[in-house]
$ cat final22.pdb   # PDB, C-alpha atoms
ATOM      1  CA  LEU A1229     -10.267  -0.391  25.162
ATOM      2  CA  ASP A1230      -6.682  -0.139  26.341
ATOM      3  CA  LYS A1231      -3.864   0.051  23.802
ATOM      4  CA  ASP A1232      -2.739  -3.587  24.237
ATOM      5  CA  THR A1233      -6.274  -4.878  23.722
ATOM      6  CA  GLU A1234      -6.646  -2.697  20.632
ATOM      7  CA  LYS A1235      -3.356  -4.009  19.201
ATOM      8  CA  ASN A1236      -4.373  -7.624  19.899
ATOM      9  CA  ASP A1237      -7.764  -6.975  18.304
ATOM     10  CA  ARG A1238      -6.045  -5.547  15.232
ATOM     11  CA  LEU A1239      -3.874  -8.672  14.937
ATOM     12  CA  GLU A1240      -6.924 -10.925  15.425
ATOM     13  CA  GLN A1241      -8.777  -9.001  12.706
ATOM     14  CA  TYR A1242      -5.770  -9.351  10.432
ATOM     15  CA  LEU A1243      -5.586 -13.120  11.016
ATOM     16  CA  SER A1244      -9.321 -13.396  10.376
ATOM     17  CA  LYS A1245      -8.917 -11.477   7.100
ATOM     18  CA  ASN A1246      -6.122 -13.877   6.156
ATOM     19  CA  PHE A1247      -8.511 -16.776   6.582
ATOM     20  CA  TYR A1248     -10.870 -15.223   4.063
ATOM     21  CA  LYS A1249      -7.983 -14.338   1.761
ATOM     22  CA  THR A1250      -5.965 -17.582   1.730
ATOM     23  CA  GLY A1251      -7.087 -19.992   4.421
ATOM     24  CA  SER A1252     -10.633 -20.406   3.159
ATOM     25  CA  LEU A1253      -9.414 -21.370  -0.308
ATOM     26  CA  ILE A1254      -7.143 -24.087   1.059
ATOM     27  CA  ALA A1255      -9.591 -25.218   3.758
ATOM     28  CA  ASN A1256     -12.531 -25.501   1.395
ATOM     29  CA  SER A1257     -10.393 -27.251  -1.226
ATOM     30  CA  CYS A1258      -9.404 -29.835   1.372
ATOM     31  CA  ARG A1259     -13.020 -30.230   2.465
ATOM     32  CA  ALA A1260     -14.216 -30.612  -1.129
ATOM     33  CA  SER A1261     -11.688 -33.357  -1.817
ATOM     34  CA  ILE A1262     -13.096 -35.382   1.069
ATOM     35  CA  MET A1263     -16.713 -34.659   0.200
ATOM     36  CA  LEU A1264     -16.208 -35.672  -3.413
ATOM     37  CA  GLY A1265     -13.946 -38.620  -2.695
ATOM     38  CA  LEU A1266     -15.753 -40.492   0.073
ATOM     39  CA  ASP A1267     -18.949 -42.453  -0.080
ATOM     40  CA  PRO A1268     -20.430 -42.666   2.503
ATOM     41  CA  PRO A1269     -19.455 -39.226   3.840
ATOM     42  CA  ASN A1270     -17.160 -38.950   6.845
ATOM     43  CA  HIS A1271     -18.023 -35.720   8.641
ATOM     44  CA  GLU A1272     -15.232 -35.988  11.196
ATOM     45  CA  LEU A1273     -12.627 -36.361   8.460
ATOM     46  CA  ARG A1274     -14.249 -33.561   6.453
ATOM     47  CA  ASP A1275     -13.985 -31.206   9.446
ATOM     48  CA  ALA A1276     -10.415 -32.277  10.256
ATOM     49  CA  VAL A1277      -9.116 -31.651   6.740
ATOM     50  CA  PHE A1278     -10.932 -28.296   6.694
ATOM     51  CA  ASP A1279      -9.067 -27.364   9.894
ATOM     52  CA  TYR A1280      -5.820 -28.616   8.357
ATOM     53  CA  GLY A1281      -6.386 -26.326   5.372
ATOM     54  CA  ARG A1282      -7.375 -23.389   7.580
ATOM     55  CA  HIS A1283      -4.177 -23.626   9.621
ATOM     56  CA  LEU A1284      -2.040 -24.299   6.546
ATOM     57  CA  GLY A1285      -3.478 -21.240   4.799
ATOM     58  CA  CYS A1286      -2.761 -19.080   7.829
ATOM     59  CA  ALA A1287       0.827 -20.337   7.982
ATOM     60  CA  PHE A1288       1.253 -19.672   4.261
ATOM     61  CA  GLN A1289       0.008 -16.092   4.565
ATOM     62  CA  LEU A1290       2.173 -15.354   7.613
ATOM     63  CA  ILE A1291       5.285 -16.517   5.765
ATOM     64  CA  ASP A1292       4.188 -14.442   2.777
ATOM     65  CA  ASP A1293       4.118 -11.453   5.154
ATOM     66  CA  VAL A1294       7.670 -12.220   6.293
ATOM     67  CA  LEU A1295       8.923 -12.630   2.728
ATOM     68  CA  ASP A1296       7.556  -9.183   1.848
ATOM     69  CA  PHE A1297      10.279  -7.756   4.106
ATOM     70  CA  ASP A1298      12.988  -9.681   2.229
ATOM     71  CA  PRO A1299      14.809  -7.377  -0.204
ATOM     72  CA  SER A1300      15.852 -10.168  -2.589
ATOM     73  CA  ASP A1301      13.783 -10.398  -5.755
ATOM     74  CA  HIS A1302      12.555 -13.976  -5.609
ATOM     75  CA  LEU A1303       8.848 -13.395  -5.020
ATOM     76  CA  GLY A1304       7.983 -11.863  -8.343
ATOM     77  CA  LYS A1305       6.872  -8.707  -6.562
ATOM     78  CA  PRO A1306       8.918  -5.880  -5.082
ATOM     79  CA  ALA A1307       9.914  -5.973  -1.413
ATOM     80  CA  LEU A1308       7.697  -3.969   0.924
ATOM     81  CA  ASN A1309       4.845  -4.175  -1.565
ATOM     82  CA  ASP A1310       2.303  -4.529   1.262
ATOM     83  CA  LEU A1311       3.565  -1.433   3.093
ATOM     84  CA  ARG A1312       3.591   0.557  -0.121
ATOM     85  CA  GLN A1313      -0.022  -0.439  -0.670
ATOM     86  CA  GLY A1314      -0.845   0.796   2.833
ATOM     87  CA  LEU A1315      -1.270  -2.673   4.350
ATOM     88  CA  ALA A1316      -0.133  -3.451   7.868
ATOM     89  CA  THR A1317       0.741  -7.154   7.927
ATOM     90  CA  ALA A1318       1.654  -9.381  10.869
ATOM     91  CA  PRO A1319       5.290  -8.221  11.208
ATOM     92  CA  THR A1320       4.214  -4.576  11.339
ATOM     93  CA  LEU A1321       1.364  -5.239  13.750
ATOM     94  CA  LEU A1322       3.651  -7.234  16.033
ATOM     95  CA  ALA A1323       6.398  -4.595  15.858
ATOM     96  CA  ALA A1324       3.833  -1.978  16.939
ATOM     97  CA  LYS A1325       3.700  -3.705  20.335
ATOM     98  CA  LYS A1326       7.331  -2.700  20.900
ATOM     99  CA  PHE A1327       7.247   0.566  18.932
ATOM    100  CA  PRO A1328       3.946   2.393  19.536
ATOM    101  CA  GLN A1329       4.964   5.088  17.035
ATOM    102  CA  LEU A1330       4.058   2.570  14.331
ATOM    103  CA  GLU A1331       0.393   3.122  15.245
ATOM    104  CA  ALA A1332       0.348   6.538  13.559
ATOM    105  CA  LEU A1333       1.976   5.106  10.418
ATOM    106  CA  ILE A1334      -0.525   2.238  10.330
ATOM    107  CA  SER A1335      -3.443   4.646  10.801
ATOM    108  CA  ARG A1336      -2.373   6.781   7.848
ATOM    109  CA  ARG A1337      -1.579   3.642   5.808
ATOM    110  CA  PHE A1338       2.125   4.547   5.429
ATOM    111  CA  LYS A1339       1.292   7.484   3.127
ATOM    112  CA  ALA A1340       3.461  10.244   4.655
ATOM    113  CA  PRO A1341       6.985  10.706   3.297
ATOM    114  CA  GLY A1342       9.391   8.343   5.059
ATOM    115  CA  ASP A1343       6.661   6.131   6.561
ATOM    116  CA  THR A1344       7.679   3.008   4.659
ATOM    117  CA  ASP A1345      11.355   3.417   5.537
ATOM    118  CA  LEU A1346      10.578   4.073   9.205
ATOM    119  CA  ALA A1347       8.233   1.066   9.372
ATOM    120  CA  LEU A1348      10.921  -1.133   7.825
ATOM    121  CA  GLU A1349      13.482   0.114  10.331
ATOM    122  CA  LEU A1350      11.177  -0.475  13.314
ATOM    123  CA  VAL A1351      10.183  -3.942  12.138
ATOM    124  CA  ALA A1352      13.887  -4.777  11.684
ATOM    125  CA  ASP A1353      14.683  -3.459  15.188
ATOM    126  CA  SER A1354      11.988  -5.614  16.760
ATOM    127  CA  ASP A1355      11.538  -9.360  16.985
ATOM    128  CA  ALA A1356       8.450  -9.160  14.754
ATOM    129  CA  ILE A1357       9.869 -11.161  11.846
ATOM    130  CA  TYR A1358      10.905 -13.936  14.229
ATOM    131  CA  ALA A1359       7.551 -13.763  16.037
ATOM    132  CA  THR A1360       5.650 -13.974  12.749
ATOM    133  CA  LYS A1361       7.694 -17.017  11.710
ATOM    134  CA  GLN A1362       6.969 -18.624  15.083
ATOM    135  CA  LEU A1363       3.263 -17.927  14.661
ATOM    136  CA  ALA A1364       3.418 -19.579  11.230
ATOM    137  CA  ILE A1365       5.180 -22.607  12.703
ATOM    138  CA  VAL A1366       2.460 -22.943  15.347
ATOM    139  CA  GLN A1367      -0.205 -22.790  12.637
ATOM    140  CA  ALA A1368       1.592 -25.479  10.612
ATOM    141  CA  GLU A1369       1.894 -27.638  13.727
ATOM    142  CA  LEU A1370      -1.831 -27.243  14.402
ATOM    143  CA  ALA A1371      -2.518 -28.285  10.810
ATOM    144  CA  VAL A1372      -0.445 -31.445  11.248
ATOM    145  CA  ILE A1373      -2.094 -32.245  14.599
ATOM    146  CA  LYS A1374      -5.534 -32.063  12.975
ATOM    147  CA  LEU A1375      -4.329 -34.206  10.096
ATOM    148  CA  HIS A1376      -2.703 -36.879  12.241
ATOM    149  CA  ALA A1377      -5.757 -37.108  14.485
ATOM    150  CA  ALA A1378      -7.981 -37.842  11.495
ATOM    151  CA  LEU A1379      -5.869 -39.903   9.094
ATOM    152  CA  PRO A1380      -3.998 -43.143   9.667
ATOM    153  CA  PRO A1381      -0.347 -43.293   8.604
ATOM    154  CA  SER A1382      -0.080 -43.342   4.828
ATOM    155  CA  PRO A1383       1.942 -41.832   1.994
ATOM    156  CA  ALA A1384      -0.844 -39.253   1.511
ATOM    157  CA  ARG A1385      -0.719 -38.178   5.161
ATOM    158  CA  ASP A1386       3.079 -38.001   4.974
ATOM    159  CA  ALA A1387       2.872 -35.801   1.877
ATOM    160  CA  LEU A1388       0.415 -33.407   3.563
ATOM    161  CA  THR A1389       2.625 -33.283   6.649
ATOM    162  CA  HIS A1390       5.626 -32.483   4.452
ATOM    163  CA  LEU A1391       3.588 -29.782   2.701
ATOM    164  CA  ALA A1392       2.944 -28.047   6.037
ATOM    165  CA  ALA A1393       6.696 -27.943   6.733
ATOM    166  CA  LYS A1394       7.442 -26.775   3.199
ATOM    167  CA  VAL A1395       4.991 -23.875   3.556
ATOM    168  CA  VAL A1396       6.737 -22.644   6.689
ATOM    169  CA  TYR A1397      10.318 -23.054   5.485
ATOM    170  CA  ARG A1398       9.860 -21.731   1.946
ATOM    171  CA  ASN A1399      11.821 -18.764   0.669
ATOM    172  CA  HIS A1400       9.527 -17.746  -2.186
TER
END
$ encode --input "final22.pdb" --output "structure tokens"
Amino acid sequence: LDKDTEKNDRLEQYLSKNFYKTGSLIANSCRASIMLGLDPPNHELRDAVFDYGRHLGCAFQLIDDVLDFDPSDHLGKPALNDLRQGLATAPTLLAAKKFPQLEALISRRFKAPGDTDLALELVADSDAIYATKQLAIVQAELAVIKLHAALPPSPARDALTHLAAKVVYRNH
């Protein structure tokens, strides 16, 4: 594999892991609400709300990745917690496309002295935070598209649409 393909594969694997970490919880919760609340079952609606939850969960996790690079103490956990735990999140993986030297840091899980500081500097010098936010916005938009295709206008649909925007524009 060439380096670009490997980097894209790493990002795809990361996004897949995020589904199992956050997206599946939200997606399956949405699906369960439809399965338990409708008689007779509506399989198209069940699948649409699952997709809504999948995309919403991905957007949530991407913004969580961005917030980890925020030095203010409003998350209840220290900034750069993911890097300190040896985790390469979306901003770091995206920054590695511009700064290949991040690959060595990612491979050793940011364990060498100065790795965390260098990773922070390279992420800050790239457009990775912006790109991660844009990726989250796309995921939230996909969630809303799935929702609007399956549900008629209603206060409930409006609330779920608002939730997708709130996930993306949150600061904690």
$ residues_near_point --input "final22.pdb" --point "(-1.7, -12.2, 4.1)" --cutoff "7 Å" --atoms "all atoms listed in the file" --output "VMD selection string"
chain A and resid 1246 1289 to 1290 1292 to 1293 1317
$ closest_residue --input "final22.pdb" --among "A:Leu1348, A:Val1277, A:Thr1360, A:Leu1370" --to "Asp1298 of chain A" --atoms "all atoms listed in the file"
A:Leu1348
$ residues_around --input "final22.pdb" --residues "segment 1379-1385 of chain A" --least-positions-apart "2" --cutoff "12 Å" --atoms "only C-alpha atoms" --output "PDB file with C-alpha atoms, in the coordinates of the input"
ATOM      1  CA  ILE A1262     -13.096 -35.382   1.069  1.00  0.00           C
ATOM      2  CA  ASN A1270     -17.160 -38.950   6.845  1.00  0.00           C
ATOM      3  CA  GLU A1272     -15.232 -35.988  11.196  1.00  0.00           C
ATOM      4  CA  LEU A1273     -12.627 -36.361   8.460  1.00  0.00           C
ATOM      5  CA  ARG A1274     -14.249 -33.561   6.453  1.00  0.00           C
ATOM      6  CA  ASP A1275     -13.985 -31.206   9.446  1.00  0.00           C
ATOM      7  CA  ALA A1276     -10.415 -32.277  10.256  1.00  0.00           C
ATOM      8  CA  VAL A1277      -9.116 -31.651   6.740  1.00  0.00           C
ATOM      9  CA  TYR A1280      -5.820 -28.616   8.357  1.00  0.00           C
ATOM     10  CA  ALA A1371      -2.518 -28.285  10.810  1.00  0.00           C
ATOM     11  CA  VAL A1372      -0.445 -31.445  11.248  1.00  0.00           C
ATOM     12  CA  ILE A1373      -2.094 -32.245  14.599  1.00  0.00           C
ATOM     13  CA  LYS A1374      -5.534 -32.063  12.975  1.00  0.00           C
ATOM     14  CA  LEU A1375      -4.329 -34.206  10.096  1.00  0.00           C
ATOM     15  CA  HIS A1376      -2.703 -36.879  12.241  1.00  0.00           C
ATOM     16  CA  ALA A1377      -5.757 -37.108  14.485  1.00  0.00           C
ATOM     17  CA  ALA A1387       2.872 -35.801   1.877  1.00  0.00           C
ATOM     18  CA  LEU A1388       0.415 -33.407   3.563  1.00  0.00           C
ATOM     19  CA  THR A1389       2.625 -33.283   6.649  1.00  0.00           C
ATOM     20  CA  HIS A1390       5.626 -32.483   4.452  1.00  0.00           C
ATOM     21  CA  LEU A1391       3.588 -29.782   2.701  1.00  0.00           C
ATOM     22  CA  ALA A1392       2.944 -28.047   6.037  1.00  0.00           C
TER      23      ALA A1392
END
$ closest_residue --input "final22.pdb" --among "A:Phe1288, A:Asp1353, A:Leu1321, A:Gly1314" --to "Glu1240 of chain A" --atoms "all atoms listed in the file"
A:Leu1321
$ resolve_selection --input "final22.pdb" --expression "the PyMOL selection byres ((chain A and resi 1327) around 12)" --output "compact mmCIF listing (two decimals) with C-alpha atoms, keeping the file's coordinate frame"
# COMPACT_ATOMS: atom_id res chain seq x y z
CA LYS A 1235 -3.36 -4.01 19.20
CA PRO A 1319 5.29 -8.22 11.21
CA THR A 1320 4.21 -4.58 11.34
CA LEU A 1321 1.36 -5.24 13.75
CA LEU A 1322 3.65 -7.23 16.03
CA ALA A 1323 6.40 -4.60 15.86
CA ALA A 1324 3.83 -1.98 16.94
CA LYS A 1325 3.70 -3.70 20.34
CA LYS A 1326 7.33 -2.70 20.90
CA PRO A 1328 3.95 2.39 19.54
CA GLN A 1329 4.96 5.09 17.04
CA LEU A 1330 4.06 2.57 14.33
CA GLU A 1331 0.39 3.12 15.24
CA ALA A 1332 0.35 6.54 13.56
CA LEU A 1333 1.98 5.11 10.42
CA ILE A 1334 -0.52 2.24 10.33
CA LEU A 1346 10.58 4.07 9.20
CA ALA A 1347 8.23 1.07 9.37
CA LEU A 1348 10.92 -1.13 7.82
CA GLU A 1349 13.48 0.11 10.33
CA LEU A 1350 11.18 -0.48 13.31
CA VAL A 1351 10.18 -3.94 12.14
CA ALA A 1352 13.89 -4.78 11.68
CA ASP A 1353 14.68 -3.46 15.19
CA SER A 1354 11.99 -5.61 16.76
CA ASP A 1355 11.54 -9.36 16.98
CA ALA A 1356 8.45 -9.16 14.75
$ resolve_selection --input "final22.pdb" --expression "the PyMOL selection byres ((chain A and resi 1250) around 9)" --output "PyMOL selection string"
chain A and resi 1245-1249+1251-1255+1282+1285-1286+1288-1289
$ atom_distance --input "final22.pdb" --atom1 "atom CA of Cys1258 of chain A" --atom2 "atom CA of Ser1244 of chain A"
18.7 Å
$ axis_aligned_box --input "final22.pdb" --around "segment 1305-1322 of chain A" --padding-each-side "6 Å" --output "JSON"
{"center_x": 4.3, "center_y": -4.3, "center_z": 4.7, "size_x": 23.2, "size_y": 22.2, "size_z": 34.6}
$ closest_residue --input "final22.pdb" --among "A:Ala1287, A:Ala1260, A:Leu1239, A:Val1294" --to "His1400 of chain A" --atoms "only C-alpha atoms"
A:Val1294
$ residues_near_point --input "final22.pdb" --point "(9.1, -17.2, 6.4)" --cutoff "6 Å" --atoms "all atoms listed in the file" --output "number ranges by chain"
A: 1291, 1294-1295, 1361, 1396
$ write_last_selection --input "final22.pdb" --atoms "C-alpha atoms" --output "compact mmCIF listing (two decimals), in the coordinates of the input"
# COMPACT_ATOMS: atom_id res chain seq x y z
CA ILE A 1291 5.28 -16.52 5.76
CA VAL A 1294 7.67 -12.22 6.29
CA LEU A 1295 8.92 -12.63 2.73
CA LYS A 1361 7.69 -17.02 11.71
CA VAL A 1396 6.74 -22.64 6.69
$ atom_distance --input "final22.pdb" --atom1 "atom CA of Lys1394 of chain A" --atom2 "atom CA of Ala1368 of chain A"
9.5 Å
$ atom_distance --input "final22.pdb" --atom1 "atom CA of Gln1367 of chain A" --atom2 "atom CA of His1283 of chain A"
5.1 Å
$ closest_residue --input "final22.pdb" --among "A:Asn1256, A:Asn1399, A:Gln1362, A:Ser1261" --to "Asp1279 of chain A" --atoms "only C-alpha atoms"
A:Asn1256
$ build_atoms --input "final22.pdb" --residues "segment 1336-1358 of chain A" --atoms "N, CA and C atoms" --output "compact mmCIF listing (two decimals), keeping the file's coordinate frame"
# COMPACT_ATOMS: atom_id res chain seq x y z
N ARG A 1336 -2.36 6.00 9.10
CA ARG A 1336 -2.37 6.78 7.85
C ARG A 1336 -1.95 5.94 6.65
N ARG A 1337 -1.86 4.62 6.87
CA ARG A 1337 -1.58 3.64 5.81
C ARG A 1337 -0.23 3.90 5.11
N PHE A 1338 0.75 4.36 5.90
CA PHE A 1338 2.12 4.55 5.43
C PHE A 1338 2.21 5.53 4.26
N LYS A 1339 1.37 6.55 4.26
CA LYS A 1339 1.29 7.48 3.13
C LYS A 1339 2.17 8.72 3.27
N ALA A 1340 2.62 9.06 4.48
CA ALA A 1340 3.46 10.24 4.66
C ALA A 1340 4.88 9.92 4.19
N PRO A 1341 5.60 10.94 3.72
CA PRO A 1341 6.98 10.71 3.30
C PRO A 1341 7.81 10.07 4.43
N GLY A 1342 8.53 9.03 4.10
CA GLY A 1342 9.39 8.34 5.06
C GLY A 1342 8.71 7.27 5.88
N ASP A 1343 7.38 7.13 5.76
CA ASP A 1343 6.66 6.13 6.56
C ASP A 1343 7.13 4.71 6.28
N THR A 1344 7.28 4.37 5.01
CA THR A 1344 7.68 3.01 4.66
C THR A 1344 9.07 2.69 5.20
N ASP A 1345 9.99 3.63 5.05
CA ASP A 1345 11.36 3.42 5.54
C ASP A 1345 11.38 3.29 7.06
N LEU A 1346 10.62 4.14 7.75
CA LEU A 1346 10.58 4.07 9.20
C LEU A 1346 9.95 2.76 9.67
N ALA A 1347 8.87 2.34 9.01
CA ALA A 1347 8.23 1.07 9.37
C ALA A 1347 9.21 -0.09 9.18
N LEU A 1348 9.93 -0.09 8.08
CA LEU A 1348 10.92 -1.13 7.82
C LEU A 1348 11.98 -1.15 8.92
N GLU A 1349 12.46 0.01 9.29
CA GLU A 1349 13.48 0.11 10.33
C GLU A 1349 12.96 -0.41 11.67
N LEU A 1350 11.74 -0.04 12.03
CA LEU A 1350 11.18 -0.48 13.31
C LEU A 1350 10.88 -1.98 13.32
N VAL A 1351 10.40 -2.49 12.22
CA VAL A 1351 10.18 -3.94 12.14
C VAL A 1351 11.52 -4.66 12.28
N ALA A 1352 12.56 -4.15 11.61
CA ALA A 1352 13.89 -4.78 11.68
C ALA A 1352 14.47 -4.70 13.10
N ASP A 1353 14.16 -3.63 13.84
CA ASP A 1353 14.68 -3.46 15.19
C ASP A 1353 13.87 -4.20 16.25
N SER A 1354 12.81 -4.84 15.83
CA SER A 1354 11.99 -5.61 16.76
C SER A 1354 12.21 -7.10 16.50
N ASP A 1355 11.49 -7.92 17.23
CA ASP A 1355 11.54 -9.36 16.98
C ASP A 1355 10.33 -9.81 16.17
N ALA A 1356 9.71 -8.87 15.44
CA ALA A 1356 8.45 -9.16 14.75
C ALA A 1356 8.58 -10.18 13.62
N ILE A 1357 9.68 -10.16 12.91
CA ILE A 1357 9.87 -11.16 11.85
C ILE A 1357 9.97 -12.55 12.47
N TYR A 1358 10.78 -12.66 13.52
CA TYR A 1358 10.90 -13.94 14.23
C TYR A 1358 9.55 -14.37 14.80
